[in-house]
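Visitor: Structure file input_3.txt (compact mmCIF, C-alpha atoms) right here:
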# COMPACT_ATOMS: atom_id res chain seq x y z
CA MET Z 1 -57.46 -30.49 23.29
CA ALA Z 2 -54.37 -32.29 22.03
CA ASN Z 3 -51.06 -30.45 22.36
CA ARG Z 4 -48.16 -30.73 19.95
CA ASN Z 5 -46.49 -33.67 21.71
CA GLU Z 6 -49.74 -35.66 21.94
CA PHE Z 7 -50.41 -35.02 18.26
CA GLN Z 8 -46.92 -36.22 17.33
CA GLN Z 9 -47.39 -39.38 19.36
CA ARG Z 10 -50.69 -40.15 17.62
CA ALA Z 11 -49.14 -39.46 14.22
CA GLN Z 12 -46.30 -41.84 15.08
CA VAL Z 13 -48.78 -44.60 15.99
CA ILE Z 14 -50.51 -44.14 12.62
CA GLU Z 15 -47.19 -44.19 10.78
CA ASP Z 16 -46.12 -47.38 12.59
CA LEU Z 17 -49.37 -49.12 11.67
CA ILE Z 18 -49.00 -48.08 8.04
CA ARG Z 19 -45.45 -49.46 7.89
CA LYS Z 20 -46.65 -52.77 9.33
CA LEU Z 21 -49.28 -53.01 6.62
CA GLU Z 22 -46.64 -52.25 4.00
CA GLN Z 23 -44.58 -55.20 5.23
CA THR Z 24 -47.34 -57.80 5.20
CA ALA Z 25 -46.88 -60.69 2.75
CA ASP Z 26 -50.56 -60.60 1.75
CA VAL Z 27 -50.60 -58.65 -1.54
CA GLU Z 28 -54.38 -58.19 -1.54
CA LEU Z 29 -54.34 -56.95 2.04
CA ARG Z 30 -51.61 -54.42 1.23
CA ALA Z 31 -53.58 -53.14 -1.75
CA ALA Z 32 -56.81 -52.93 0.26
CA ALA Z 33 -55.06 -51.08 3.08
CA LYS Z 34 -53.59 -48.60 0.61
CA ARG Z 35 -56.99 -47.95 -0.95
CA LEU Z 36 -58.50 -47.51 2.52
CA VAL Z 37 -55.91 -44.94 3.58
CA GLN Z 38 -56.22 -43.05 0.29
CA ALA Z 39 -60.03 -43.03 0.53
CA LEU Z 40 -59.91 -41.69 4.09
CA MET Z 41 -57.40 -39.04 3.05
CA GLU Z 42 -59.58 -37.92 0.15
CA MET Z 43 -62.72 -37.81 2.30
CA HIS Z 44 -61.05 -35.84 5.08
CA GLY Z 45 -59.36 -33.52 2.57
CA GLU Z 46 -62.64 -32.72 0.82
CA GLY Z 47 -64.35 -32.09 4.16
CA LEU Z 48 -61.53 -29.81 5.35
CA GLU Z 49 -61.57 -27.89 2.07
CA ARG Z 50 -65.33 -27.43 2.30
CA ALA Z 51 -65.02 -26.19 5.90
CA LEU Z 52 -62.43 -23.62 4.84
CA GLU Z 53 -64.71 -22.41 2.04
CA ILE Z 54 -67.58 -21.92 4.48
CA VAL Z 55 -65.37 -19.98 6.89
CA TYR Z 56 -63.84 -17.87 4.11
CA ASN Z 57 -67.28 -16.87 2.81
CA ASN Z 58 -67.98 -15.10 6.11
CA GLY Z 59 -66.05 -12.00 5.08
CA ALA Z 60 -63.31 -10.37 7.13
CA ALA Z 61 -64.12 -12.46 10.20
CA GLY Z 62 -63.73 -15.64 8.18
CA GLU Z 63 -60.38 -14.51 6.76
CA GLU Z 64 -59.10 -13.82 10.26
CA ILE Z 65 -60.16 -17.30 11.40
CA ILE Z 66 -58.31 -18.87 8.49
CA ALA Z 67 -55.21 -16.82 9.33
CA CYS Z 68 -55.38 -18.19 12.89
CA LEU Z 69 -55.71 -21.73 11.54
CA GLN Z 70 -52.58 -21.22 9.42
CA ARG Z 71 -50.61 -20.32 12.54
CA ASP Z 72 -51.82 -23.28 14.59
CA GLU Z 73 -49.14 -25.99 14.63
CA ILE Z 74 -51.52 -28.93 14.27
CA VAL Z 75 -53.95 -27.40 11.77
CA LYS Z 76 -51.07 -26.04 9.68
CA GLY Z 77 -49.73 -29.57 9.25
CA LEU Z 78 -53.11 -30.86 8.14
CA LEU Z 79 -53.49 -28.04 5.62
CA LEU Z 80 -50.07 -28.85 4.17
CA LEU Z 81 -50.82 -32.57 4.07
CA HIS Z 82 -53.95 -31.97 2.01
CA GLY Z 83 -52.44 -29.24 -0.18
CA LEU Z 84 -54.71 -26.55 1.27
CA HIS Z 85 -52.20 -24.16 2.81
CA PRO Z 86 -52.63 -20.73 1.14
CA ASP Z 87 -48.91 -19.83 1.18
CA ASP Z 88 -46.75 -21.31 -1.57
CA LEU Z 89 -43.57 -23.27 -0.85
CA GLU Z 90 -41.15 -20.41 -1.50
CA THR Z 91 -43.03 -18.05 0.82
CA ARG Z 92 -42.96 -20.58 3.65
CA VAL Z 93 -39.26 -21.31 3.12
CA ARG Z 94 -38.39 -17.59 3.21
CA GLU Z 95 -40.35 -17.11 6.43
CA ALA Z 96 -38.55 -20.09 7.98
CA LEU Z 97 -35.13 -18.69 7.07
CA GLU Z 98 -35.95 -15.42 8.81
CA LYS Z 99 -36.25 -17.34 12.09
CA THR Z 100 -32.69 -18.65 11.75
CA ARG Z 101 -30.97 -15.34 10.97
CA PRO Z 102 -30.25 -14.27 14.59
CA TYR Z 103 -28.43 -17.55 15.24
CA LEU Z 104 -26.51 -17.38 11.95
CA GLN Z 105 -25.59 -13.75 12.46
CA SER Z 106 -24.28 -14.52 15.94
CA HIS Z 107 -21.66 -16.63 14.10
CA GLY Z 108 -20.93 -13.85 11.60
CA GLY Z 109 -22.89 -15.56 8.83
CA ASN Z 110 -26.13 -15.44 6.91
CA VAL Z 111 -28.15 -17.59 4.52
CA GLU Z 112 -29.42 -16.85 1.02
CA LEU Z 113 -32.24 -18.66 -0.76
CA LEU Z 114 -31.01 -19.45 -4.27
CA HIS Z 115 -33.80 -21.50 -5.78
CA VAL Z 116 -37.03 -23.40 -5.13
CA ASP Z 117 -38.23 -25.64 -7.96
CA ASP Z 118 -41.58 -27.27 -8.72
CA ALA Z 119 -40.33 -30.63 -7.41
CA GLY Z 120 -39.84 -29.19 -3.91
CA VAL Z 121 -36.03 -28.94 -4.06
CA VAL Z 122 -34.66 -25.98 -2.09
CA LYS Z 123 -31.15 -24.63 -2.69
CA LEU Z 124 -29.41 -22.34 -0.17
CA ARG Z 125 -26.04 -20.72 0.30
CA LEU Z 126 -24.34 -19.91 3.59
CA ASP Z 127 -22.56 -16.55 3.49
CA GLY Z 128 -19.96 -14.91 5.71
CA SER Z 129 -17.64 -16.52 8.21
CA CYS Z 130 -20.29 -19.08 9.11
CA HIS Z 131 -19.62 -20.89 5.84
CA GLY Z 132 -16.93 -23.51 6.37
CA CYS Z 133 -16.48 -22.94 10.10
CA PRO Z 134 -16.94 -25.82 12.58
CA SER Z 135 -20.36 -24.56 13.62
CA SER Z 136 -21.71 -24.41 10.05
CA ALA Z 137 -22.77 -28.08 10.06
CA VAL Z 138 -24.69 -27.58 13.30
CA THR Z 139 -26.20 -24.37 11.96
CA LEU Z 140 -27.41 -26.18 8.85
CA LYS Z 141 -28.66 -29.41 10.40
CA LEU Z 142 -30.19 -28.03 13.57
CA ALA Z 143 -31.37 -24.51 12.85
CA ILE Z 144 -31.93 -24.06 9.12
CA GLU Z 145 -33.10 -27.59 8.37
CA ASP Z 146 -35.45 -27.77 11.33
CA ALA Z 147 -37.02 -24.38 10.65
CA ILE Z 148 -37.56 -25.17 6.96
CA TYR Z 149 -39.05 -28.63 7.47
CA GLU Z 150 -41.42 -27.31 10.12
CA ALA Z 151 -42.74 -24.55 7.86
CA ALA Z 152 -42.51 -26.62 4.66
CA PRO Z 153 -42.60 -30.40 5.22
CA ASP Z 154 -43.33 -30.73 1.50
CA VAL Z 155 -39.69 -29.85 0.73
CA THR Z 156 -38.27 -32.94 -0.98
CA ARG Z 157 -34.59 -32.01 -0.80
CA LEU Z 158 -32.50 -29.34 0.88
CA ILE Z 159 -29.22 -28.40 -0.81
CA VAL Z 160 -26.68 -26.02 0.73
CA ASP Z 161 -23.65 -24.92 -1.27
CA GLY Z 162 -20.55 -26.74 -0.08
CA VAL Z 163 -22.35 -29.10 2.32
CA ALA Z 164 -22.87 -32.80 1.60
CA GLN Z 165 -26.50 -33.84 1.50
CA ALA Z 166 -28.18 -37.04 2.58
CA PRO Z 167 -30.45 -38.77 0.04
CA ALA Z 168 -34.12 -37.82 0.16
CA PRO Z 169 -36.35 -40.29 2.05
CA ILE Z 170 -38.73 -42.54 0.13
CA PRO Z 171 -42.33 -41.69 1.08
CA GLY Z 172 -44.79 -44.34 2.30
CA TYR Z 173 -48.53 -44.55 1.67
CA VAL Z 174 -49.25 -41.32 3.49
CA PRO Z 175 -46.52 -38.85 4.62
CA ILE Z 176 -47.77 -38.84 8.19
CA GLU Z 177 -44.22 -38.15 9.37
CA GLN Z 178 -44.51 -34.76 7.65
CA LEU Z 179 -46.84 -33.73 10.46
CA GLN Z 180 -44.29 -34.54 13.16
CA ASN Z 181 -40.67 -33.93 13.94
CA ASN Z 182 -40.50 -31.24 11.26
CA GLY Z 183 -40.60 -33.39 8.16
CA HIS Z 184 -38.53 -36.33 9.41
CA ALA Z 185 -39.40 -39.68 10.92
CA LEU Z 186 -38.69 -39.70 14.64
CA ASP Z 187 -35.09 -40.67 15.34
CA PRO Z 188 -33.79 -39.99 18.85
CA ALA Z 189 -30.19 -40.30 17.71
CA ARG Z 190 -30.51 -37.86 14.82
CA ASP Z 191 -27.35 -35.73 14.76
CA GLY Z 192 -26.83 -36.47 18.45
CA THR Z 193 -29.36 -33.82 19.46
CA GLU Z 194 -32.99 -33.43 20.39
CA TRP Z 195 -35.19 -30.33 20.07
CA GLU Z 196 -36.85 -29.44 23.36
CA GLU Z 197 -39.52 -26.87 24.21
CA VAL Z 198 -38.42 -23.85 26.27
CA ASP Z 199 -40.95 -22.46 28.75
CA GLY Z 200 -40.71 -18.92 30.08
CA ILE Z 201 -38.48 -17.41 27.43
CA HIS Z 202 -41.10 -14.84 26.38
CA ALA Z 203 -41.12 -13.47 29.93
CA LEU Z 204 -37.46 -12.50 29.54
CA LEU Z 205 -37.15 -8.71 29.54
CA PRO Z 206 -35.27 -6.90 26.73
CA GLY Z 207 -31.58 -6.58 27.54
CA ALA Z 208 -31.77 -9.28 30.20
CA ALA Z 209 -30.21 -12.69 30.78
CA SER Z 210 -31.75 -15.56 32.71
CA VAL Z 211 -31.10 -19.24 33.40
CA LEU Z 212 -34.07 -21.48 32.51
CA ASP Z 213 -34.64 -25.18 33.03
CA VAL Z 214 -35.19 -27.23 29.88
CA SER Z 215 -36.03 -30.91 30.45
CA GLY Z 216 -34.05 -30.96 33.68
CA VAL Z 217 -31.00 -29.11 32.32
CA LYS Z 218 -30.25 -25.42 32.92
CA PHE Z 219 -29.30 -23.13 30.05
CA LEU Z 220 -28.57 -19.42 29.80
CA PHE Z 221 -30.90 -17.32 27.65
CA CYS Z 222 -30.37 -13.70 26.58
CA ARG Z 223 -32.69 -11.24 24.85
CA LEU Z 224 -31.29 -8.32 22.84
CA ASP Z 225 -32.94 -6.13 20.20
CA GLY Z 226 -35.85 -8.53 19.83
CA ASN Z 227 -33.58 -11.54 19.29
CA TYR Z 228 -32.94 -14.46 21.65
CA TYR Z 229 -29.68 -16.34 22.24
CA ALA Z 230 -29.02 -19.60 24.12
CA TYR Z 231 -25.81 -20.84 25.75
CA GLU Z 232 -24.71 -23.63 28.03
CA ASN Z 233 -24.86 -22.51 31.65
CA ARG Z 234 -21.13 -22.60 32.31
CA CYS Z 235 -18.37 -20.02 32.26
CA PRO Z 236 -15.45 -21.41 30.20
CA GLY Z 237 -13.05 -19.39 32.34
CA CYS Z 238 -13.85 -20.57 35.86
CA GLY Z 239 -16.27 -23.42 35.16
CA HIS Z 240 -19.00 -21.96 37.41
CA ALA Z 241 -22.68 -21.59 36.49
CA LEU Z 242 -23.89 -18.27 35.11
CA ASP Z 243 -26.94 -17.87 37.34
CA GLY Z 244 -27.24 -14.18 38.18
CA ALA Z 245 -24.93 -13.03 35.39
CA LEU Z 246 -25.45 -9.41 34.35
CA LEU Z 247 -25.90 -8.34 30.74
CA GLU Z 248 -24.76 -4.86 29.73
CA ALA Z 249 -25.44 -4.04 26.10
CA ALA Z 250 -24.26 -7.26 24.41
CA VAL Z 251 -21.66 -8.17 27.03
CA LEU Z 252 -22.35 -10.79 29.70
CA ALA Z 253 -20.17 -10.86 32.84
CA CYS Z 254 -19.63 -14.08 34.79
CA PRO Z 255 -20.81 -13.49 38.39
CA SER Z 256 -17.91 -15.57 39.74
CA CYS Z 257 -14.74 -14.62 37.83
CA LYS Z 258 -16.05 -11.44 36.11
CA LEU Z 259 -14.81 -12.55 32.67
CA ARG Z 260 -16.92 -11.04 29.91
CA TYR Z 261 -18.46 -12.55 26.78
CA ASP Z 262 -20.19 -11.09 23.71
CA VAL Z 263 -23.53 -12.93 23.52
CA VAL Z 264 -24.36 -11.55 20.05
CA ARG Z 265 -21.13 -12.84 18.52
CA ALA Z 266 -21.43 -16.49 19.47
CA GLY Z 267 -20.31 -15.89 23.06
CA ARG Z 268 -16.77 -14.81 22.16
CA GLY Z 269 -14.54 -13.76 25.02
CA VAL Z 270 -14.01 -10.03 25.51
CA ASP Z 271 -11.19 -10.27 28.06
CA GLN Z 272 -9.69 -13.54 26.82
CA THR Z 273 -10.40 -14.14 23.14
CA ALA Z 274 -9.46 -17.82 23.40
CA LEU Z 275 -12.49 -18.40 25.62
CA HIS Z 276 -16.07 -18.45 24.44
CA LEU Z 277 -19.47 -19.53 25.69
CA ALA Z 278 -21.00 -22.62 24.10
CA PRO Z 279 -23.96 -21.51 21.91
CA LEU Z 280 -26.95 -23.69 21.07
CA PRO Z 281 -29.37 -23.36 18.14
CA LEU Z 282 -32.58 -21.67 19.29
CA LEU Z 283 -35.78 -21.20 17.27
CA VAL Z 284 -38.26 -18.70 18.70
CA GLU Z 285 -41.74 -18.30 17.25
CA GLN Z 286 -44.82 -16.39 18.26
CA ASN Z 287 -46.15 -18.96 20.72
CA HIS Z 288 -43.22 -21.18 21.60
CA ALA Z 289 -39.46 -21.64 21.51
CA ARG Z 290 -37.25 -24.71 21.04
CA ILE Z 291 -33.61 -25.38 21.75
CA ALA Z 292 -31.39 -28.08 20.22
CA MET Z 293 -30.00 -29.95 23.25
CA PRO Z 294 -27.15 -32.45 22.97
CA LEU Z 295 -28.73 -35.89 23.22
CA SER Z 296 -26.53 -36.81 26.17
CA LYS Z 297 -28.11 -34.01 28.20
CA VAL Z 298 -31.64 -35.06 27.23
CA GLN Z 299 -30.91 -38.64 28.28
CA ARG Z 300 -29.36 -37.54 31.57
CA GLY Z 301 -32.58 -35.66 32.41
CA GLY Z 302 -31.96 -33.57 35.47
CA ALA Z 303 -28.19 -33.37 35.43
CA ALA Z 304 -28.25 -29.58 35.47
CA LEU Z 305 -25.10 -27.73 34.59
Go ahead and express the file in the form of structure tokens.
Guide:
Amino acid sequence: MANRNEFQQRAQVIEDLIRKLEQTADVELRAAAKRLVQALMEMHGEGLERALEIVYNNGAAGEEIIACLQRDEIVKGLLLLHGLHPDDLETRVREALEKTRPYLQSHGGNVELLHVDDAGVVKLRLDGSCHGCPSSAVTLKLAIEDAIYEAAPDVTRLIVDGVAQAPAPIPGYVPIEQLQNNGHALDPARDGTEWEEVDGIHALLPGAASVLDVSGVKFLFCRLDGNYYAYENRCPGCGHALDGALLEAAVLACPSCKLRYDVVRAGRGVDQTALHLAPLPLLVEQNHARIAMPLSKVQRGGAAL
């Protein structure tokens, strides 16, 4: 069974082949290739729709199966691609925003959905101290944007009050890229970061902190009141790693210098307010979690902090 990474790789191969066909000088070949892709899409879409109808007609058991299919990362993308996902765009956007609230609130901010139109344009507003602060751009680009495009790759434009927006991409024959990298074509240099899977975070006990390895780099993870927080594994006071740090309520104490930090409020220093831990965007879902790592750390691979 293909996992998420394998599926993304296959989708990228298909997208690359489609782009090559788009660039060929043979007009007839381009037209034939386009008709072929469209015919395959229609055939697969009709077959998938028929399969869903058969499952749905099996009563409560069928409805439960369909609900499971909606939650599966790969199947969800296919349902969206063929316009068969049962949840409308606004519902999916609202659910995505809920995932980002713990990270936004740790910066004293929040996000409000202002409007979703029929063309797929989504308008948001950042509220609180998060709006206009240095971390707001990271919050938008890495947490909000990623969560929304994963749940709703059919969003055509994302507008946030007071934040400059990049122009919407021009779609190709088939939006295969909507099934990978959360609505964007793969670009390793995008925003200088890379989203990486986090293993073991669900084993973290409530009210506990633990250092986990992510692609060869160690990060500190905390769990409080059902929410998860991620920080670089380094005390800004003494420069030592935070392995073995104790978490009491929302306050984390460095095991080396004993300086304390509020992990709910973006890692702000309790003893020295000028010091603060370095937070990272973290998206936690039912079956997996992902952290936005600086690209330099991903490329180093193994240079643990």
Visitor: Between CA of Ala266 in chain Z and CA of Arg101 in chain Z, what is the distance, to one decimal in Å?
Guide: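 Taking CA of Ala266 in chain Z as the start and CA of Arg101 in chain Z as the end point, the length is 12.8 Å.
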Visitor: Contacts of range 85-92 of chain Z at 8 Å or less, counting all atoms listed in the file, minus same-chain residues fewer than 5 places along, as a ChimeraX atom specification?
Guide: /Z:70,76,79-80,116,120,148,151-152,154-155
Visitor: Write the selection just made, keeping C-alpha atoms, as a CSV table (one decimal), keeping the file's coordinate frame?
Guide:
chain,number,residue,atom,x,y,z
Z,70,GLN,CA,-52.6,-21.2,9.4
Z,76,LYS,CA,-51.1,-26.0,9.7
Z,79,LEU,CA,-53.5,-28.0,5.6
Z,80,LEU,CA,-50.1,-28.8,4.2
Z,116,VAL,CA,-37.0,-23.4,-5.1
Z,120,GLY,CA,-39.8,-29.2,-3.9
Z,148,ILE,CA,-37.6,-25.2,7.0
Z,151,ALA,CA,-42.7,-24.6,7.9
Z,152,ALA,CA,-42.5,-26.6,4.7
Z,154,ASP,CA,-43.3,-30.7,1.5
Z,155,VAL,CA,-39.7,-29.8,0.7
Visitor: Could you tell me how far CA of Ala209 in chain Z lies from CA of Leu247 in chain Z, in Å and to one decimal?
Guide: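 Separating CA of Ala209 in chain Z from CA of Leu247 in chain Z is a distance of 6.1 Å.
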Visitor: Extending 6 Å beyond the listed atoms of range 244-247 of chain Z on each side, what axis-aligned box results? I want centre and edge lengths in Å to one decimal, as AutoDock Vina command-line options.
Guide:
--center_x -26.1 --center_y -11.3 --center_z 34.5 --size_x 14.3 --size_y 17.8 --size_z 19.4
Visitor: With distances taken over only C-alpha atoms, which residue among Z:Met293, Z:Arg94, Z:Asp243, Z:Leu48 lies nearest Val75 in chain Z?
Guide: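 Using only C-alpha atoms, the shortest distance to Val75 in chain Z belongs to Z:Leu48.
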Visitor: Could you jot down the CA of Pro102 in chain Z to CA of Asn227 in chain Z separation for me, Å, one decimal place?
Guide: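 Separation of CA of Pro102 in chain Z and CA of Asn227 in chain Z: 6.4 Å.
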Visitor: Give me the residues within 12 Å of Leu204 in chain Z as a list in words, counting all atoms listed in the file and dropping any in the same chain fewer than 3 places off.
Guide: Val198, Asp199, Gly200, Ile201, Gly207, Ala208, Ala209, Ser210, Val211, Leu212, Leu220, Phe221, Cys222, Arg223, Leu224, Gly226, Asn227, Tyr228 and Tyr229 of chain Z
Visitor: Please provide the set of residues having any atom within 9 Å of Glu232 in chain Z, restricted to all atoms listed in the file, with same-chain residues fewer than 4 positions apart removed, written as a ChimeraX atom specification.
Guide: /Z:218-221,241-242,277-280,305
Visitor: Hey, which of Z:Ile54, Z:Ala230, Z:Leu126, Z:Val160 ends up closest to Ile66 in chain Z? Count all atoms listed in the file.
Guide: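 Once distances to Ile66 in chain Z are computed over all atoms listed in the file, the minimum belongs to Z:Ile54.
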